[in-house]
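One structure below.
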Amino acid sequence: MKYRILLAGNNQIVLDDFFYAMSNDFECQTTSWRFEDIECHLKYFTPDIFIYGLREDFKDNIAKIMEARGNLQKKKIPFVVIGSKEDCDNFVKVTINLADLILAKPLTAAMIEERIVAFLTEKQRREAEEKKRMELERRQKAIEAEKNRRKHIIVVDDDPRMLKLIKEHLHEDYDIATAINGKLALKFLEKKRTDLIFLDYEMPDMNGPQVLEKIRENQELSDIPVVFLTGISEREKIEKVLSMKPQGYVLKPIDREKLITTIKNVLG
């Protein structure tokens with residue numbers, strides 16, 4: 001794809017020469033110094049670079065040049081001047097670092113093209129690096145925010161005493177929600193995201209394995225880690241629990257240290 005170049009200025013000879021030599025290599029367009037014309041071209045032509053053709057009387061247009069440079073800067077479009085060495089030197093003395101690139105003649109068309117392409121290539125490289133840096137910074141901030149965020153845990157058990165006990169063990173370090181049955185837990189998870197589910201194995205109406213099946217069937221919930229709470233000792237039931245590949249299980253009666261260790265192992 002060709003670079004787009006928007007040209008303006010009173011040095012018509014320089015502009016005509018540029019068009020004649022560069023039209024095959026760049027997509028070129030001219031504009032007047034009218035504010036509305038420049039804004040229209042910036043909006044609809046969307047140039048990659050703006051080139052001003054210098055003439056010795058450029059000081060008469062210095063206010064317009066400054067205004068145009070300000071608009072270009074907002075849109076991150078480079079401002080380039082082209083003209084004789086004497087005019088370019090005078091422009092630099094008067095404006096001081098206003099131009100992003102100076103093309104002082106005599107320069108061949110090939111040299112001008114090479115410098116413009118090199119300038120825009122370097123600009124794109126810097127922008128890509130800055131974009132990458134900002135994305136890495138954003139990700140790092142997100143990681144830090146996630147680390148510092150209090151994790152949310154929902155405990156599902158039909159025994160109110162068990163819910164109260166676990167909440168007392170964990171409320172200082174975690175945000176705790178409770179549900180007395182599987183249906184309420186599933187309804188809660190439809191509206192709020194959680195980081196970990198403690199799930200009682202034996203419950204009326206819908207037991208722990210049935211609730212886990214519903215969770216795994218839901219794509220929005222299937223990645224949430226589940227730890228079973230169980231007081232069962234039958235080998236067959238324990239094997240069934242393990243076959244569903246939960247992230248862990250905690251035996252009742254609850255040991256506080258074991259509970260906290262399990263959470264840290266699961267959530268990291």
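Ordered as shown in the structure tokens, chains take letters A, B, and onward, while each chain numbers its residues from 1 and ligands are numbered from 1 in the order shown.
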As a compact mmCIF listing (two decimals) with N, CA and C atoms, in the first residue's frame, please: the residues near Tyr174 in chain A (cut-off 12 Å, only C-alpha atoms, same-chain neighbours under 2 positions excluded).
# COMPACT_ATOMS: atom_id res chain seq x y z
N ASN A 148 -3.86 -8.56 43.90
CA ASN A 148 -4.27 -7.81 45.08
C ASN A 148 -5.76 -7.89 45.36
N ARG A 149 -6.51 -8.40 44.39
CA ARG A 149 -7.96 -8.48 44.57
C ARG A 149 -8.30 -9.58 45.57
N ARG A 150 -9.22 -9.27 46.48
CA ARG A 150 -9.70 -10.31 47.40
C ARG A 150 -10.47 -11.35 46.60
N LYS A 151 -10.07 -12.58 46.73
CA LYS A 151 -10.72 -13.66 46.01
C LYS A 151 -12.11 -13.94 46.60
N HIS A 152 -12.99 -14.36 45.71
CA HIS A 152 -14.37 -14.66 46.12
C HIS A 152 -14.58 -16.17 46.16
N ILE A 153 -15.22 -16.63 47.22
CA ILE A 153 -15.50 -18.06 47.39
C ILE A 153 -16.97 -18.24 47.74
N ILE A 154 -17.60 -19.23 47.11
CA ILE A 154 -18.96 -19.59 47.52
C ILE A 154 -18.93 -20.98 48.15
N VAL A 155 -19.60 -21.12 49.28
CA VAL A 155 -19.67 -22.39 49.99
C VAL A 155 -21.10 -22.92 49.88
N ILE A 166 -17.25 -22.21 58.21
CA ILE A 166 -16.31 -21.92 57.13
C ILE A 166 -16.19 -20.42 56.90
N LYS A 167 -17.30 -19.73 57.01
CA LYS A 167 -17.27 -18.27 56.84
C LYS A 167 -16.43 -17.63 57.93
N GLU A 168 -16.52 -18.12 59.16
CA GLU A 168 -15.70 -17.60 60.25
C GLU A 168 -14.22 -17.85 60.01
N HIS A 169 -13.91 -18.99 59.43
CA HIS A 169 -12.52 -19.33 59.15
C HIS A 169 -11.91 -18.43 58.06
N LEU A 170 -12.72 -17.99 57.10
CA LEU A 170 -12.18 -17.39 55.88
C LEU A 170 -12.49 -15.91 55.67
N HIS A 171 -13.44 -15.34 56.39
CA HIS A 171 -13.95 -14.01 56.03
C HIS A 171 -12.91 -12.89 56.11
N GLU A 172 -11.87 -13.08 56.92
CA GLU A 172 -10.86 -12.03 57.04
C GLU A 172 -10.01 -11.90 55.77
N ILE A 176 -16.80 -14.11 51.09
CA ILE A 176 -17.48 -15.39 51.19
C ILE A 176 -18.98 -15.23 50.93
N ALA A 177 -19.51 -16.09 50.05
CA ALA A 177 -20.95 -16.21 49.85
C ALA A 177 -21.35 -17.63 50.22
N THR A 194 -17.33 -16.13 40.66
CA THR A 194 -16.60 -16.51 41.85
C THR A 194 -15.27 -17.14 41.45
N ASP A 195 -14.34 -17.21 42.40
CA ASP A 195 -13.02 -17.78 42.11
C ASP A 195 -12.91 -19.24 42.53
N LEU A 196 -13.78 -19.66 43.47
CA LEU A 196 -13.68 -21.03 43.98
C LEU A 196 -15.03 -21.45 44.57
N ILE A 260 -7.45 -23.75 54.58
CA ILE A 260 -6.68 -22.63 54.04
C ILE A 260 -5.59 -23.12 53.08
N ILE A 263 -7.15 -23.95 49.74
CA ILE A 263 -7.46 -22.72 48.97
C ILE A 263 -6.21 -22.17 48.30
N LYS A 264 -5.12 -22.09 49.06
CA LYS A 264 -3.88 -21.54 48.51
C LYS A 264 -3.33 -22.42 47.39
N LEU A 267 -5.91 -21.71 44.34
CA LEU A 267 -5.92 -20.35 43.79
C LEU A 267 -4.51 -19.78 43.57
query = What lies within 12 Å of Asn10 in chain A using only C-alpha atoms, ignoring chain neighbours under 2 positions off, as a ChimeraX atom specification?
reply = /A:7-8,12-16,30-33,51-61,65,81-83
Generate the output file for the selected residues, N, CA and C atoms, as a short mmCIF file (atom, residue, chain, number, x, y, z; two decimals), in the first residue's frame.
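Generated output (part_14.cif):
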data_model
loop_
_atom_site.label_atom_id
_atom_site.label_comp_id
_atom_site.auth_asym_id
_atom_site.auth_seq_id
_atom_site.Cartn_x
_atom_site.Cartn_y
_atom_site.Cartn_z
N LEU A 7 0.06 17.72 0.63
CA LEU A 7 1.00 18.81 0.39
C LEU A 7 0.28 20.15 0.42
N ALA A 8 1.00 21.17 0.89
CA ALA A 8 0.48 22.54 0.89
C ALA A 8 1.66 23.49 0.83
N GLN A 12 4.82 26.68 -5.53
CA GLN A 12 4.16 25.80 -6.49
C GLN A 12 5.15 24.98 -7.30
N ILE A 13 6.31 25.53 -7.56
CA ILE A 13 7.32 24.80 -8.35
C ILE A 13 7.75 23.55 -7.58
N VAL A 14 8.00 23.71 -6.29
CA VAL A 14 8.42 22.58 -5.46
C VAL A 14 7.31 21.53 -5.41
N LEU A 15 6.07 21.98 -5.25
CA LEU A 15 4.95 21.04 -5.18
C LEU A 15 4.76 20.31 -6.50
N ASP A 16 4.85 21.06 -7.61
CA ASP A 16 4.70 20.43 -8.93
C ASP A 16 5.80 19.41 -9.18
N THR A 30 -3.07 17.65 -2.74
CA THR A 30 -2.75 19.01 -2.28
C THR A 30 -3.95 19.60 -1.56
N THR A 31 -3.65 20.58 -0.73
CA THR A 31 -4.71 21.30 -0.03
C THR A 31 -4.32 22.76 0.09
N SER A 32 -5.32 23.59 0.31
CA SER A 32 -5.05 25.02 0.51
C SER A 32 -4.76 25.26 1.99
N TRP A 33 -4.48 26.53 2.34
CA TRP A 33 -4.23 26.87 3.72
C TRP A 33 -5.50 27.15 4.49
N ILE A 51 3.45 17.55 3.92
CA ILE A 51 4.64 18.22 3.42
C ILE A 51 4.30 19.66 3.04
N TYR A 52 5.10 20.59 3.55
CA TYR A 52 4.92 22.01 3.26
C TYR A 52 6.03 22.46 2.33
N GLY A 53 5.63 23.00 1.16
CA GLY A 53 6.59 23.51 0.19
C GLY A 53 7.02 24.93 0.56
N LEU A 54 8.28 25.08 0.99
CA LEU A 54 8.78 26.36 1.48
C LEU A 54 9.07 27.34 0.35
N ARG A 55 8.81 28.62 0.63
CA ARG A 55 9.23 29.72 -0.22
C ARG A 55 9.82 30.77 0.71
N GLU A 56 10.62 31.66 0.19
CA GLU A 56 11.32 32.60 1.04
C GLU A 56 10.39 33.49 1.87
N ASP A 57 9.15 33.67 1.40
CA ASP A 57 8.21 34.51 2.14
C ASP A 57 7.35 33.69 3.12
N PHE A 58 7.87 32.54 3.59
CA PHE A 58 7.08 31.68 4.47
C PHE A 58 6.69 32.39 5.77
N LYS A 59 7.48 33.44 6.16
CA LYS A 59 7.17 34.15 7.41
C LYS A 59 5.80 34.80 7.37
N ASP A 60 5.34 35.14 6.16
CA ASP A 60 4.02 35.76 6.05
C ASP A 60 2.91 34.78 6.45
N ASN A 61 3.22 33.49 6.37
CA ASN A 61 2.21 32.45 6.68
C ASN A 61 2.51 31.72 7.99
N ILE A 65 0.96 28.26 9.48
CA ILE A 65 1.82 27.09 9.60
C ILE A 65 1.74 26.52 11.02
N VAL A 81 8.97 19.81 5.88
CA VAL A 81 9.15 20.95 4.98
C VAL A 81 10.15 20.58 3.90
N ILE A 82 9.91 21.13 2.70
CA ILE A 82 10.81 20.89 1.58
C ILE A 82 11.04 22.21 0.87
N GLY A 83 12.28 22.50 0.52
CA GLY A 83 12.61 23.75 -0.15
C GLY A 83 14.11 23.85 -0.32
#
request  = Per DSSP on the backbone, filter range 8-221 of chain A down to the residues in helix (DSSP H, G or I) and report them as a PyMOL selection string.
outcome  = chain A and resi 12-22+35-44+58-74+85-95+109-148+160-170+182-191+208-217
ask   = Which one of A:Ile62, A:Ile112, A:Cys88, A:Leu72 sits closest to Ile38 in chain A if you count only C-alpha atoms?
value =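 Of A:Ile62, A:Ile112, A:Cys88, A:Leu72, the one nearest Ile38 in chain A is A:Leu72, counting only C-alpha atoms.
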query = What is the distance between CA of Leu184 in chain A and CA of Pro246 in chain A, in Å to one decimal?
reply =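 Separation of CA of Leu184 in chain A and CA of Pro246 in chain A: 20.2 Å.
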message = When you count only C-alpha atoms, which of these residues is closest to Gly182 in chain A: A:Thr108, A:Gln210, A:Gln247, A:Thr261?
response =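 Closest residue, counting only C-alpha atoms: A:Gln210.
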task = Identify, on the basis of only C-alpha atoms, every residue whose closest approach to Leu212 in chain A does not exceed 9 Å; exclude the query and any residue fewer than 6 positions from it along the same chain; express the result as a PyMOL selection string.
result = chain A and resi 199+222+226+244+246
Export, as a CSV table (one decimal), in the first residue's frame, the selected residues with N, CA, C and O atoms.
chain,number,residue,atom,x,y,z
A,199,LEU,N,-18.1,-27.3,47.7
A,199,LEU,CA,-19.4,-28.0,47.3
A,199,LEU,C,-19.6,-29.3,48.2
A,199,LEU,O,-18.7,-30.2,48.2
A,222,SER,N,-17.5,-23.4,33.6
A,222,SER,CA,-16.8,-24.7,33.6
A,222,SER,C,-15.3,-24.6,34.1
A,222,SER,O,-14.7,-25.5,34.5
A,226,VAL,N,-13.5,-26.3,41.7
A,226,VAL,CA,-14.5,-26.9,42.7
A,226,VAL,C,-13.8,-27.8,43.6
A,226,VAL,O,-13.0,-28.7,43.2
A,244,MET,N,-14.7,-37.3,38.9
A,244,MET,CA,-15.2,-36.1,38.4
A,244,MET,C,-14.1,-35.0,38.3
A,244,MET,O,-14.3,-33.9,37.8
A,246,PRO,N,-12.4,-33.0,40.5
A,246,PRO,CA,-12.4,-31.7,41.2
A,246,PRO,C,-11.0,-31.2,41.4
A,246,PRO,O,-10.1,-32.0,41.3
request  = List every residue of range 136-176 of chain A that DSSP, applied to the backbone, labels as strand (DSSP E), and write the result as a ChimeraX atom specification.
outcome  = /A:152-156,175-176
inquiry  = I'd like the contact shell of range 185-192 of chain A - 9 Å cut-off, only C-alpha atoms, skipping same-chain residues fewer than 2 positions apart - returned as a VMD selection string.
reply    = chain A and resid 154 to 156 178 to 183 194 211 214 to 215 220 to 221
All heavy atoms of the current selection, written as a CSV table (one decimal), in the first residue's frame:
chain,number,residue,atom,x,y,z
A,154,ILE,N,-17.6,-19.2,47.1
A,154,ILE,CA,-19.0,-19.6,47.5
A,154,ILE,C,-18.9,-21.0,48.1
A,154,ILE,O,-18.3,-21.9,47.6
A,154,ILE,CB,-20.0,-19.5,46.3
A,154,ILE,CG1,-21.4,-19.9,46.8
A,154,ILE,CG2,-19.5,-20.4,45.2
A,154,ILE,CD1,-22.5,-19.7,45.8
A,155,VAL,N,-19.6,-21.1,49.3
A,155,VAL,CA,-19.7,-22.4,50.0
A,155,VAL,C,-21.1,-22.9,49.9
A,155,VAL,O,-22.1,-22.2,50.2
A,155,VAL,CB,-19.3,-22.2,51.5
A,155,VAL,CG1,-19.3,-23.6,52.2
A,155,VAL,CG2,-18.0,-21.5,51.6
A,156,VAL,N,-21.2,-24.1,49.4
A,156,VAL,CA,-22.6,-24.7,49.2
A,156,VAL,C,-22.7,-25.9,50.1
A,156,VAL,O,-22.0,-26.9,49.9
A,156,VAL,CB,-22.7,-25.2,47.7
A,156,VAL,CG1,-24.2,-25.6,47.4
A,156,VAL,CG2,-22.3,-24.1,46.7
A,178,THR,N,-22.6,-17.8,50.6
A,178,THR,CA,-23.0,-19.1,51.0
A,178,THR,C,-24.4,-19.5,50.3
A,178,THR,O,-25.1,-18.6,50.0
A,178,THR,CB,-23.2,-19.2,52.5
A,178,THR,OG1,-24.2,-18.3,53.0
A,178,THR,CG2,-21.9,-19.0,53.3
A,179,ALA,N,-24.6,-20.8,50.1
A,179,ALA,CA,-25.9,-21.2,49.6
A,179,ALA,C,-26.2,-22.6,50.3
A,179,ALA,O,-25.4,-23.4,50.4
A,179,ALA,CB,-25.8,-21.4,48.1
A,180,ILE,N,-27.5,-22.7,50.6
A,180,ILE,CA,-27.9,-23.9,51.4
A,180,ILE,C,-28.3,-25.1,50.5
A,180,ILE,O,-28.6,-26.2,51.0
A,180,ILE,CB,-29.1,-23.6,52.3
A,180,ILE,CG1,-30.3,-23.1,51.6
A,180,ILE,CG2,-28.6,-22.6,53.4
A,180,ILE,CD1,-31.5,-22.9,52.4
A,181,ASN,N,-28.3,-24.9,49.2
A,181,ASN,CA,-28.5,-26.0,48.3
A,181,ASN,C,-28.0,-25.7,46.9
A,181,ASN,O,-27.6,-24.5,46.6
A,181,ASN,CB,-30.0,-26.3,48.2
A,181,ASN,CG,-30.9,-25.2,47.7
A,181,ASN,OD1,-30.6,-24.6,46.6
A,181,ASN,ND2,-31.9,-24.8,48.5
A,182,GLY,N,-27.9,-26.7,46.0
A,182,GLY,CA,-27.3,-26.5,44.7
A,182,GLY,C,-28.1,-25.6,43.8
A,182,GLY,O,-27.4,-24.8,43.0
A,183,LYS,N,-29.4,-25.6,43.9
A,183,LYS,CA,-30.2,-24.7,43.0
A,183,LYS,C,-29.9,-23.2,43.3
A,183,LYS,O,-29.7,-22.4,42.4
A,183,LYS,CB,-31.7,-25.0,43.2
A,183,LYS,CG,-32.1,-26.4,42.6
A,183,LYS,CD,-33.6,-26.6,42.7
A,183,LYS,CE,-34.0,-27.9,42.1
A,183,LYS,NZ,-35.4,-28.2,42.3
A,194,THR,N,-17.3,-16.1,40.7
A,194,THR,CA,-16.6,-16.5,41.9
A,194,THR,C,-15.3,-17.1,41.5
A,194,THR,O,-15.1,-17.6,40.3
A,194,THR,CB,-17.4,-17.5,42.7
A,194,THR,OG1,-16.8,-17.6,44.0
A,194,THR,CG2,-17.5,-18.9,42.1
A,211,VAL,N,-24.6,-31.1,41.1
A,211,VAL,CA,-24.3,-29.6,40.9
A,211,VAL,C,-23.0,-29.4,40.1
A,211,VAL,O,-23.0,-28.6,39.2
A,211,VAL,CB,-24.1,-28.9,42.3
A,211,VAL,CG1,-23.7,-27.5,42.1
A,211,VAL,CG2,-25.4,-29.0,43.1
A,214,LYS,N,-23.7,-29.8,36.4
A,214,LYS,CA,-24.4,-28.6,35.8
A,214,LYS,C,-23.3,-27.5,35.6
A,214,LYS,O,-23.4,-26.7,34.6
A,214,LYS,CB,-25.4,-28.0,36.8
A,214,LYS,CG,-26.7,-28.9,36.9
A,214,LYS,CD,-27.5,-28.9,35.6
A,214,LYS,CE,-28.8,-29.7,35.8
A,214,LYS,NZ,-29.5,-29.7,34.5
A,215,ILE,N,-22.4,-27.3,36.5
A,215,ILE,CA,-21.3,-26.3,36.4
A,215,ILE,C,-20.5,-26.6,35.2
A,215,ILE,O,-20.1,-25.7,34.4
A,215,ILE,CB,-20.5,-26.3,37.7
A,215,ILE,CG1,-21.3,-25.7,38.8
A,215,ILE,CG2,-19.2,-25.4,37.5
A,215,ILE,CD1,-20.6,-25.8,40.2
A,220,GLU,N,-19.6,-20.8,30.7
A,220,GLU,CA,-19.2,-19.7,31.5
A,220,GLU,C,-18.7,-20.0,32.9
A,220,GLU,O,-18.1,-19.2,33.6
A,220,GLU,CB,-20.3,-18.7,31.5
A,220,GLU,CG,-20.7,-18.1,30.1
A,220,GLU,CD,-21.7,-17.0,30.2
A,220,GLU,OE1,-22.2,-16.7,31.4
A,220,GLU,OE2,-22.1,-16.5,29.2
A,221,LEU,N,-19.1,-21.2,33.3
A,221,LEU,CA,-18.7,-21.6,34.7
A,221,LEU,C,-17.7,-22.8,34.8
A,221,LEU,O,-17.2,-23.0,35.8
A,221,LEU,CB,-20.0,-22.1,35.4
A,221,LEU,CG,-21.2,-21.1,35.5
A,221,LEU,CD1,-22.4,-21.8,36.2
A,221,LEU,CD2,-20.8,-19.8,36.2
query = At what distance in Å, to one decimal, does CA of Thr46 in chain A lie from CA of Ala110 in chain A?
reply =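 Separating CA of Ala110 in chain A from CA of Thr46 in chain A is a distance of 24.2 Å.
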